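A short worksheet on the structure shown next.
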Amino acid sequence: MTQITENQILAALRTVPDPDRKADIVTLKMVSGLAVKGTNVTFTIEVDPARGAQLEPLRHAAEKAVLGLPGVTSATAILTAHRTGVAATTAQASAGAAAPRASARIELPGIRAIVAIASGKGGVGKSTTATNLALAMTANGLRVGLLDADIYGPSQPRMMGISGKPTSYDGKTLQPMERFGVKVMSIGFMVAEDTPMIWRGPMVMSALQQMLRDVAWGELDILVVDMPPGTGDAQLTMSQQVPLAGAVIVSTPQDIALLDARKGLNMFRRVDVPVLGIIENMSYFLCPHCGERSDIFSHGGARHEAEALGTTFLGEIPLDIAIRETSDSGQPITVSQPDSAHAQAYRAIAARIWDQVAAGPQQGPAISIE
């Protein structure tokens, strides 16, 4: 199979003119973030924010031009508008000021509820937790989607054991990948696993918007969003522009992780997203040889933090090699060992989350800035 080159793609994009600037989008240096994964091509088109809403035809024309190349089976263009307010938004949030009003809400009428699985820092097992919760909800009888919102470090292709790339029937809307009865979308399906995403904040936000708006999710009871760690631009965008029914915070028990978890919880509260509770991951370790229990990262800290912050303690998941091995192999423990104590723990937590979501409003809260 002939390798698709960057020069071929750029040559195709030189046939796409900017309707207002009388030159092609390559000459105008509007194309960036070009990536090729097999026969799939992704790139971003940077535009003036004042023209962003009216340039969807330009994006579709760029995708069509690249799709015309021999060997290209899918092309995804991400339209991104740089805004001077991004840095100011981050500064305001860190200073404790109210976040600015989002420019537009993304409406997903086929999805009953969207829940973010978040953490204040990386390395606490958030993606493993999000994967197993999505599968646990499916086992509990719900129609579930899973969005990998971590653009810089997508984990879901590996954890869900999915290879290949999404297809599109009309060249505009992507069909999500599916396994174990869960519909999945991740930027990791469109770029090689070892390819770094060297994107600026607005590009990341635009990619997240398109993975929500331009994916045929269909009818879902719940869309589980595996959020990136921390409290940056991506989290703020998701909180403001997506109708979140709530957020779940994942933390390990030690003090430093709980400090960051508290920041994540307070961020969601500041933008009026309900916090559904805290999960204590890597809660304790049982030696597989002698059965002795060790509290490697302490124990019970998340429960105490939940009580102090007035939110629900959803449950604890131990540090266990079986959870790690099944996640790395693309056979998460909730489906590969459904009768295990760990799988049952995930199912119990998933049920507690759904009970809260089902009892509350089915649409995300409106953001009100005083």
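Starting from 1 in every chain, residues are counted up; chains themselves are A, B, ... following the order of the structure tokens, and ligands are numbered from 1 as listed.
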Item checked: Residues flagged strand (DSSP E or B) by DSSP in stretch 106-344 of chain A, as a PyMOL selection string -> chain A and resi 111-118+144-148+168+174+177-179+182-186+215+220-226+246-251+275-286+293-294+296+298+313-319
Mind writing the picked residues with C-alpha atoms as a compact mmCIF listing (two decimals), in the first residue's frame?
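And here is the file that came out, result.txt:
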```
# COMPACT_ATOMS: atom_id res chain seq x y z
CA ILE A 111 -28.21 11.35 25.07
CA ARG A 112 -30.14 11.27 28.32
CA ALA A 113 -27.22 12.20 30.61
CA ILE A 114 -23.51 13.03 30.34
CA VAL A 115 -21.25 12.33 33.31
CA ALA A 116 -17.60 13.40 33.59
CA ILE A 117 -15.09 11.13 35.32
CA ALA A 118 -12.39 13.53 36.52
CA VAL A 144 -23.68 3.60 27.25
CA GLY A 145 -21.19 5.69 25.30
CA LEU A 146 -17.60 6.44 26.32
CA LEU A 147 -15.82 9.62 25.20
CA ASP A 148 -12.06 9.84 25.68
CA SER A 168 -18.30 8.04 8.05
CA LEU A 174 -18.25 9.82 12.34
CA MET A 177 -16.28 2.50 17.50
CA GLU A 178 -18.00 -0.16 19.57
CA ARG A 179 -16.95 -3.01 21.83
CA VAL A 182 -20.24 0.44 24.53
CA LYS A 183 -19.92 3.12 21.84
CA VAL A 184 -16.46 4.74 22.04
CA MET A 185 -14.79 7.80 20.52
CA SER A 186 -11.19 8.91 21.05
CA VAL A 215 -20.30 11.73 16.13
CA LEU A 220 -27.86 6.63 24.93
CA ASP A 221 -28.89 6.54 28.56
CA ILE A 222 -25.51 7.88 29.59
CA LEU A 223 -22.30 9.14 27.99
CA VAL A 224 -19.30 8.62 30.26
CA VAL A 225 -16.55 11.18 29.62
CA ASP A 226 -13.00 10.22 30.56
CA GLY A 246 -22.67 15.65 36.99
CA ALA A 247 -19.03 14.86 37.69
CA VAL A 248 -17.35 12.04 39.59
CA ILE A 249 -13.96 12.67 41.20
CA VAL A 250 -11.38 9.85 41.32
CA SER A 251 -8.59 10.05 43.90
CA VAL A 275 -20.54 16.64 41.94
CA LEU A 276 -21.99 13.14 42.21
CA GLY A 277 -19.30 11.89 44.57
CA ILE A 278 -15.74 10.70 45.13
CA ILE A 279 -14.22 7.28 44.41
CA GLU A 280 -11.17 6.10 46.32
CA ASN A 281 -8.98 4.19 43.85
CA MET A 282 -5.95 2.08 44.88
CA SER A 283 -7.60 2.09 48.29
CA TYR A 284 -5.61 -0.83 49.72
CA PHE A 285 -3.49 -3.79 48.60
CA LEU A 286 -4.07 -7.46 49.39
CA ARG A 293 -3.45 -6.19 53.61
CA SER A 294 -1.23 -3.13 53.13
CA ILE A 296 0.19 1.57 50.49
CA SER A 298 -3.03 5.25 53.21
CA PHE A 313 -18.54 8.70 48.96
CA LEU A 314 -19.23 6.33 46.07
CA GLY A 315 -16.93 3.49 47.04
CA GLU A 316 -13.39 2.14 47.02
CA ILE A 317 -11.43 0.06 44.53
CA PRO A 318 -8.28 -1.77 45.68
CA LEU A 319 -4.83 -1.73 44.10
```
Next item on the list: Report as a PyMOL selection string: the residues of stretch 12-246 of chain A with a DSSP assignment of alpha helix (DSSP H), based on the backbone of this structure.
Entry: chain A and resi 12-13+56-67+85-94+126-139+156-159+201-213+233-241
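The shortest atom-to-atom distance to A:Met203, with only C-alpha atoms taken into account, belongs to A:Gly33 out of A:Gly125, A:Gly264, A:Pro19, A:Gly33.
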Check: So how far away is atom CA of A:Thr252 from atom CA of A:Val124, in Å?
Finding: 5.8 Å
Next item on the list: Quote the spacing between atom CA of A:Lys263 and atom CA of A:Pro154 in Å to one decimal place.
Entry: 22.5 Å
Next item on the list: Write out as a list of chain:residue names which residues come within 10 Å of A:Pro228 when counting only C-alpha atoms, dropping same-chain ones fewer than 5 positions away.
Entry: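 The filter keeps A:Ala116, A:Ile117, A:Ala118, A:Ser119, A:Gly120, A:Lys121, A:Gly122, A:Lys126, A:Ser127, A:Asp148, A:Ala149, A:Asp150, A:Ile151, A:Tyr152, A:Gly153, A:Pro154, A:Ala234, A:Gln235.
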Check: Which of these residues is nearest to A:Leu10, using only C-alpha atoms: A:Val66, A:Ile106, A:Leu58, A:Ala130?
Finding: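 Using only C-alpha atoms, A:Leu10 sits closest to A:Val66.
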Notebook entry, point to check: Any idea what's packed within 10 Å of A:Ile78, counting only C-alpha atoms, ignoring anything in its chain fewer than 5 positions away? Could you give it as a list of chain:residue names?
Noted result: A:Val31, A:Ser32, A:Gly33, A:Thr42, A:Phe43, A:Thr44, A:Ile45, A:Glu46, A:Glu56, A:Arg59, A:His60, A:Glu63, A:Met203, A:Val204, A:Met205, A:Ser206, A:Ala207, A:Leu208, A:Gln209, A:Gln210, A:Met211
With N, CA and C atoms retained, export the selected residues as a PDB file, in the first residue's frame.
```pdb
ATOM      1  N   VAL A  31      -3.496  25.756   7.936  1.00  0.00           N
ATOM      2  CA  VAL A  31      -3.483  24.323   8.222  1.00  0.00           C
ATOM      3  C   VAL A  31      -2.389  24.006   9.234  1.00  0.00           C
ATOM      4  N   SER A  32      -2.742  23.228  10.261  1.00  0.00           N
ATOM      5  CA  SER A  32      -1.758  22.804  11.261  1.00  0.00           C
ATOM      6  C   SER A  32      -2.199  21.463  11.837  1.00  0.00           C
ATOM      7  N   GLY A  33      -1.355  20.898  12.691  1.00  0.00           N
ATOM      8  CA  GLY A  33      -1.700  19.658  13.381  1.00  0.00           C
ATOM      9  C   GLY A  33      -1.953  18.487  12.457  1.00  0.00           C
ATOM     10  N   THR A  42      -5.970  13.498   9.740  1.00  0.00           N
ATOM     11  CA  THR A  42      -6.582  14.536  10.564  1.00  0.00           C
ATOM     12  C   THR A  42      -5.734  15.805  10.487  1.00  0.00           C
ATOM     13  N   PHE A  43      -6.397  16.945  10.567  1.00  0.00           N
ATOM     14  CA  PHE A  43      -5.683  18.220  10.573  1.00  0.00           C
ATOM     15  C   PHE A  43      -6.618  19.284  11.121  1.00  0.00           C
ATOM     16  N   THR A  44      -6.054  20.426  11.476  1.00  0.00           N
ATOM     17  CA  THR A  44      -6.858  21.540  11.957  1.00  0.00           C
ATOM     18  C   THR A  44      -6.758  22.704  10.974  1.00  0.00           C
ATOM     19  N   ILE A  45      -7.824  23.501  10.946  1.00  0.00           N
ATOM     20  CA  ILE A  45      -7.868  24.718  10.129  1.00  0.00           C
ATOM     21  C   ILE A  45      -8.109  25.877  11.085  1.00  0.00           C
ATOM     22  N   GLU A  46      -7.136  26.757  11.198  1.00  0.00           N
ATOM     23  CA  GLU A  46      -7.234  27.883  12.124  1.00  0.00           C
ATOM     24  C   GLU A  46      -7.866  29.077  11.412  1.00  0.00           C
ATOM     25  N   GLU A  56     -18.040  26.372   8.186  1.00  0.00           N
ATOM     26  CA  GLU A  56     -18.247  24.932   8.113  1.00  0.00           C
ATOM     27  C   GLU A  56     -18.128  24.414   6.676  1.00  0.00           C
ATOM     28  N   ARG A  59     -14.538  23.749   5.955  1.00  0.00           N
ATOM     29  CA  ARG A  59     -14.045  22.523   6.594  1.00  0.00           C
ATOM     30  C   ARG A  59     -14.441  21.294   5.775  1.00  0.00           C
ATOM     31  N   HIS A  60     -15.711  21.251   5.350  1.00  0.00           N
ATOM     32  CA  HIS A  60     -16.165  20.107   4.563  1.00  0.00           C
ATOM     33  C   HIS A  60     -15.440  20.033   3.223  1.00  0.00           C
ATOM     34  N   GLU A  63     -12.025  18.504   3.849  1.00  0.00           N
ATOM     35  CA  GLU A  63     -12.129  17.058   4.039  1.00  0.00           C
ATOM     36  C   GLU A  63     -12.348  16.346   2.701  1.00  0.00           C
ATOM     37  N   MET A 203      -7.242  24.380  19.802  1.00  0.00           N
ATOM     38  CA  MET A 203      -7.354  23.194  18.968  1.00  0.00           C
ATOM     39  C   MET A 203      -7.947  22.042  19.760  1.00  0.00           C
ATOM     40  N   VAL A 204      -7.491  21.881  21.000  1.00  0.00           N
ATOM     41  CA  VAL A 204      -8.009  20.815  21.852  1.00  0.00           C
ATOM     42  C   VAL A 204      -9.497  21.002  22.087  1.00  0.00           C
ATOM     43  N   MET A 205      -9.896  22.231  22.377  1.00  0.00           N
ATOM     44  CA  MET A 205     -11.306  22.500  22.643  1.00  0.00           C
ATOM     45  C   MET A 205     -12.164  22.226  21.412  1.00  0.00           C
ATOM     46  N   SER A 206     -11.669  22.601  20.234  1.00  0.00           N
ATOM     47  CA  SER A 206     -12.413  22.351  19.008  1.00  0.00           C
ATOM     48  C   SER A 206     -12.533  20.856  18.749  1.00  0.00           C
ATOM     49  N   ALA A 207     -11.462  20.105  19.007  1.00  0.00           N
ATOM     50  CA  ALA A 207     -11.509  18.656  18.813  1.00  0.00           C
ATOM     51  C   ALA A 207     -12.544  18.018  19.738  1.00  0.00           C
ATOM     52  N   LEU A 208     -12.594  18.460  20.982  1.00  0.00           N
ATOM     53  CA  LEU A 208     -13.580  17.927  21.928  1.00  0.00           C
ATOM     54  C   LEU A 208     -14.998  18.228  21.454  1.00  0.00           C
ATOM     55  N   GLN A 209     -15.216  19.444  20.986  1.00  0.00           N
ATOM     56  CA  GLN A 209     -16.544  19.818  20.499  1.00  0.00           C
ATOM     57  C   GLN A 209     -16.968  18.941  19.332  1.00  0.00           C
ATOM     58  N   GLN A 210     -16.036  18.661  18.422  1.00  0.00           N
ATOM     59  CA  GLN A 210     -16.389  17.866  17.260  1.00  0.00           C
ATOM     60  C   GLN A 210     -16.589  16.401  17.601  1.00  0.00           C
ATOM     61  N   MET A 211     -15.852  15.876  18.582  1.00  0.00           N
ATOM     62  CA  MET A 211     -16.059  14.484  18.979  1.00  0.00           C
ATOM     63  C   MET A 211     -17.392  14.300  19.699  1.00  0.00           C
TER      64      MET A 211
END
```
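The shortest atom-to-atom distance to A:Ala62, with only C-alpha atoms taken into account, belongs to A:Pro17 out of A:Gly38, A:Pro17, A:Gly330, A:Gly300.
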Note to self: Need to verify the contact set: A:Ile4, 8 Å, only C-alpha atoms, exclusion of same-chain residues closer than 2 positions in sequence. Can you return it as a VMD selection string?
What the structure shows: chain A and resid 2 6 8 to 9 36 39 71 to 72
Grab the residues selected above and save them as a short mmCIF file (atom, residue, chain, number, x, y, z; two decimals), in the first residue's frame with C-alpha atoms.
```cif
data_model
loop_
_atom_site.label_atom_id
_atom_site.label_comp_id
_atom_site.auth_asym_id
_atom_site.auth_seq_id
_atom_site.Cartn_x
_atom_site.Cartn_y
_atom_site.Cartn_z
CA THR A 2 1.36 3.43 -0.97
CA GLU A 6 2.24 15.16 4.01
CA GLN A 8 0.30 15.03 -1.06
CA ILE A 9 -2.16 16.20 1.57
CA VAL A 36 -1.64 10.49 9.22
CA THR A 39 -5.36 5.64 5.62
CA GLY A 71 -5.54 5.54 -0.44
CA VAL A 72 -7.32 7.96 1.91
#
```
Notebook entry, point to check: A:Gly301: which residues within 8 Å, counting only C-alpha atoms, same-chain residues fewer than 4 positions away excluded, as a list in words?
Noted result: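 Residues meeting the cut-off are Thr252, Pro253, Gln254, Asp255, Leu258, Glu280 and Glu305 of chain A.
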Next item on the list: Excluding A:Leu67 and residues on its chain fewer than 6 positions from it, collect all residues at most 9 Å away from it, counting only C-alpha atoms, and give them as a PyMOL selection string.
Entry: chain A and resi 41+73-75+171
